[in-house]
file target.txt (compact mmCIF, C-alpha atoms)
# COMPACT_ATOMS: atom_id res chain seq x y z
CA MET A 1 -80.70 65.01 117.48
CA GLN A 2 -81.05 61.55 115.94
CA SER A 3 -78.26 60.20 118.14
CA ARG A 4 -79.93 61.47 121.30
CA GLN A 5 -83.24 59.96 120.23
CA ASN A 6 -81.59 56.58 119.55
CA TYR A 7 -79.82 56.76 122.91
CA PHE A 8 -83.10 57.59 124.69
CA LEU A 9 -84.99 54.77 122.95
CA THR A 10 -82.24 52.30 123.82
CA ILE A 11 -82.45 53.28 127.49
CA VAL A 12 -86.26 52.98 127.49
CA SER A 13 -86.01 49.54 125.84
CA ILE A 14 -83.50 48.32 128.41
CA LEU A 15 -85.66 49.64 131.26
CA CYS A 16 -88.70 47.81 129.87
CA ILE A 17 -86.76 44.55 129.62
CA VAL A 18 -85.46 44.96 133.17
CA LEU A 19 -88.98 45.70 134.42
CA VAL A 20 -90.35 42.55 132.77
CA ALA A 21 -87.46 40.50 134.17
CA VAL A 22 -88.10 41.82 137.70
CA VAL A 23 -91.84 41.02 137.48
CA VAL A 24 -91.11 37.53 136.11
CA VAL A 25 -88.57 36.77 138.86
CA GLN A 26 -90.84 38.09 141.64
CA ASN A 27 -93.79 35.99 140.42
CA TRP A 28 -91.91 32.81 139.57
CA GLU A 29 -93.13 31.04 142.73
CA GLN A 30 -96.76 32.09 142.21
CA TYR A 31 -98.85 29.36 140.58
CA LEU A 32 -102.12 29.53 138.73
CA SER A 33 -104.24 27.58 136.29
CA VAL A 34 -104.27 28.73 132.67
CA THR A 35 -106.90 27.89 130.07
CA PHE A 36 -105.67 27.83 126.50
CA LEU A 37 -107.73 26.51 123.56
CA SER A 38 -110.33 25.00 125.90
CA ARG A 39 -107.64 23.11 127.82
CA THR A 40 -106.74 23.96 131.38
CA ILE A 41 -103.12 23.80 132.44
CA PRO A 42 -103.02 23.54 136.26
CA ASN A 43 -100.30 24.90 138.52
CA ILE A 44 -98.19 26.80 136.04
CA SER A 45 -95.81 29.48 137.22
CA LEU A 46 -97.12 33.03 136.84
CA GLY A 47 -93.56 34.13 136.04
CA LEU A 48 -93.43 31.59 133.21
CA VAL A 49 -96.76 32.86 131.84
CA LEU A 50 -95.55 36.46 131.99
CA LEU A 51 -92.28 35.49 130.32
CA ALA A 52 -94.13 33.68 127.51
CA ILE A 53 -96.49 36.62 126.98
CA SER A 54 -93.56 39.02 126.92
CA LEU A 55 -91.66 36.91 124.37
CA VAL A 56 -94.69 36.53 122.09
CA SER A 57 -95.39 40.27 122.33
CA GLY A 58 -91.75 41.04 121.57
CA LEU A 59 -91.84 38.78 118.51
CA ALA A 60 -95.04 40.45 117.30
CA VAL A 61 -93.46 43.90 117.62
CA PHE A 62 -90.28 42.67 115.93
CA PHE A 63 -92.15 41.28 112.92
CA LYS A 64 -94.25 44.43 112.59
CA LEU A 65 -91.14 46.61 112.69
CA TRP A 66 -89.47 44.27 110.17
CA ASP A 67 -92.46 44.74 107.86
CA ILE A 68 -92.27 48.51 108.23
CA SER A 69 -88.52 48.55 107.59
CA GLN A 70 -88.92 46.42 104.44
CA ARG A 71 -91.64 48.72 103.14
CA LEU A 72 -89.49 51.78 103.85
CA ALA A 73 -86.51 50.15 102.14
CA GLY A 74 -88.67 49.58 99.06
CA GLU A 75 -89.87 53.18 99.09
CA ILE A 76 -86.28 54.42 99.44
CA LYS A 77 -85.24 52.26 96.50
CA GLN A 78 -88.10 53.64 94.39
CA TYR A 79 -87.12 57.18 95.35
CA GLU A 80 -83.50 56.52 94.34
CA LEU A 81 -84.64 55.10 91.00
CA ARG A 82 -86.83 58.15 90.35
CA LYS A 83 -83.93 60.40 91.30
CA GLU A 84 -81.59 58.57 88.90
CA LYS A 85 -84.17 58.81 86.10
CA ALA A 86 -84.53 62.54 86.73
CA GLU A 87 -80.75 62.94 86.64
CA VAL A 88 -80.51 60.99 83.38
CA LYS A 89 -83.35 63.05 81.92
CA ALA A 90 -81.65 66.28 82.96
CA GLU A 91 -78.35 65.07 81.52
CA THR A 92 -80.07 64.09 78.27
CA SER A 93 -81.75 67.50 78.08
CA SER A 94 -78.41 69.16 78.74
CA ASP A 95 -76.81 67.11 75.96
CA GLN A 96 -79.63 68.05 73.60
CA VAL A 97 -79.13 71.73 74.43
CA ARG A 98 -75.41 71.41 73.68
CA VAL A 99 -76.12 69.74 70.35
CA LEU A 100 -78.61 72.46 69.42
CA GLU A 101 -76.16 75.18 70.46
CA SER A 102 -73.43 73.65 68.29
CA LYS A 103 -75.88 73.43 65.37
CA ILE A 104 -76.80 77.09 65.85
CA GLN A 105 -73.12 78.05 65.90
CA THR A 106 -72.54 76.05 62.71
CA LEU A 107 -75.49 77.72 61.02
CA GLU A 108 -74.34 81.16 62.19
CA LYS A 109 -70.87 80.52 60.75
CA ALA A 110 -72.38 79.28 57.50
CA LEU A 111 -74.61 82.37 57.34
CA GLU A 112 -71.68 84.67 58.01
CA GLN A 113 -69.66 82.94 55.30
CA ALA A 114 -72.57 83.15 52.88
CA LEU A 115 -73.09 86.84 53.66
CA SER A 116 -69.41 87.63 53.38
CA ALA A 117 -69.14 85.71 50.10
CA SER A 118 -72.26 87.34 48.71
CA PRO A 119 -70.88 90.95 48.25
CA ARG A 120 -67.76 89.62 46.51
CA SER A 121 -69.76 87.75 43.93
CA LYS A 122 -71.78 90.93 43.17
CA ASP A 123 -68.55 92.93 42.78
CA SER A 124 -67.07 90.45 40.36
CA ARG A 125 -70.06 90.69 37.97
call {"tool": "encode", "arguments": {"input": "target.txt", "output": "structure tokens"}}
result
Amino acid sequence: MQSRQNYFLTIVSILCIVLVAVVVVQNWEQYLSVTFLSRTIPNISLGLVLLAISLVSGLAVFFKLWDISQRLAGEIKQYELRKEKAEVKAETSSDQVRVLESKIQTLEKALEQALSASPRSKDSR
């Protein structure tokens, strides 16, 4: 499913780039005046303006996606750290259970020895 989605998004991206390229090429010979920061630039190619707008928009999308990917990478790292802590905690708990079980076995053996030694000492009196 993920592979198909990636394939589809790649095709859509390529189609968008081709569409922009076609519009830029078809309007390269069209000229207009552009006002930017209170300055008018006369007779600039419409194709050049569209190309510049497309590049700036592409950079804006790229940086936004970069920000999102960095945030997600941080969240993934935090999740992995929490997972490791939980595993260590579970392992520690498991070790504690083993220690307690061995102590119980030792105490049971000591109790059995004490109980088995107890009737003998009464018989010898």
call {"tool": "residues_around", "arguments": {"input": "target.txt", "residues": "A:Val20", "least_positions_apart": "6", "cutoff": "10 Å", "atoms": "all atoms listed in the file", "output": "list in words"}}
result
Ile14, Gln26, Gly47, Leu50, Leu51 and Ser54 of chain A
call {"tool": "atom_distance", "arguments": {"input": "target.txt", "atom1": "atom CA of A:Glu29", "atom2": "atom CA of A:Ser45"}}
result
6.3 Å
call {"tool": "closest_residue", "arguments": {"input": "target.txt", "among": "A:Leu100, A:Val49, A:Glu91, A:Asp67", "to": "A:Leu32", "atoms": "only C-alpha atoms"}}
result
A:Val49
call {"tool": "residues_near_point", "arguments": {"input": "target.txt", "point": "(-104.9, 25.7, 137.5)", "cutoff": "6 Å", "atoms": "only C-alpha atoms", "output": "JSON, numbers by chain"}}
result
{"A": [32, 33, 34, 41, 42, 43]}
call {"tool": "write_last_selection", "arguments": {"input": "target.txt", "atoms": "C-alpha atoms", "output": "short mmCIF file (atom, residue, chain, number, x, y, z; two decimals), in the coordinates of the input"}}
result
data_model
loop_
_atom_site.label_atom_id
_atom_site.label_comp_id
_atom_site.auth_asym_id
_atom_site.auth_seq_id
_atom_site.Cartn_x
_atom_site.Cartn_y
_atom_site.Cartn_z
CA LEU A 32 -102.12 29.53 138.73
CA SER A 33 -104.24 27.58 136.29
CA VAL A 34 -104.27 28.73 132.67
CA ILE A 41 -103.12 23.80 132.44
CA PRO A 42 -103.02 23.54 136.26
CA ASN A 43 -100.30 24.90 138.52
#
call {"tool": "closest_residue", "arguments": {"input": "target.txt", "among": "A:Leu15, A:Trp66, A:Leu72, A:Leu48", "to": "A:Trp28", "atoms": "all atoms listed in the file"}}
result
A:Leu48
call {"tool": "atom_distance", "arguments": {"input": "target.txt", "atom1": "atom CA of A:Val24", "atom2": "atom CA of A:Ile53"}}
result
10.6 Å
call {"tool": "axis_aligned_box", "arguments": {"input": "target.txt", "around": "stretch 29-45 of chain A", "padding_each_side": "5 Å", "output": "lines of an AutoDock Vina configuration file"}}
result
center_x = -101.7
center_y = 27.6
center_z = 133.1
size_x = 27.2
size_y = 19.0
size_z = 29.2
call {"tool": "atom_distance", "arguments": {"input": "target.txt", "atom1": "atom CA of A:Ala117", "atom2": "atom CA of A:Val99"}}
result
26.7 Å
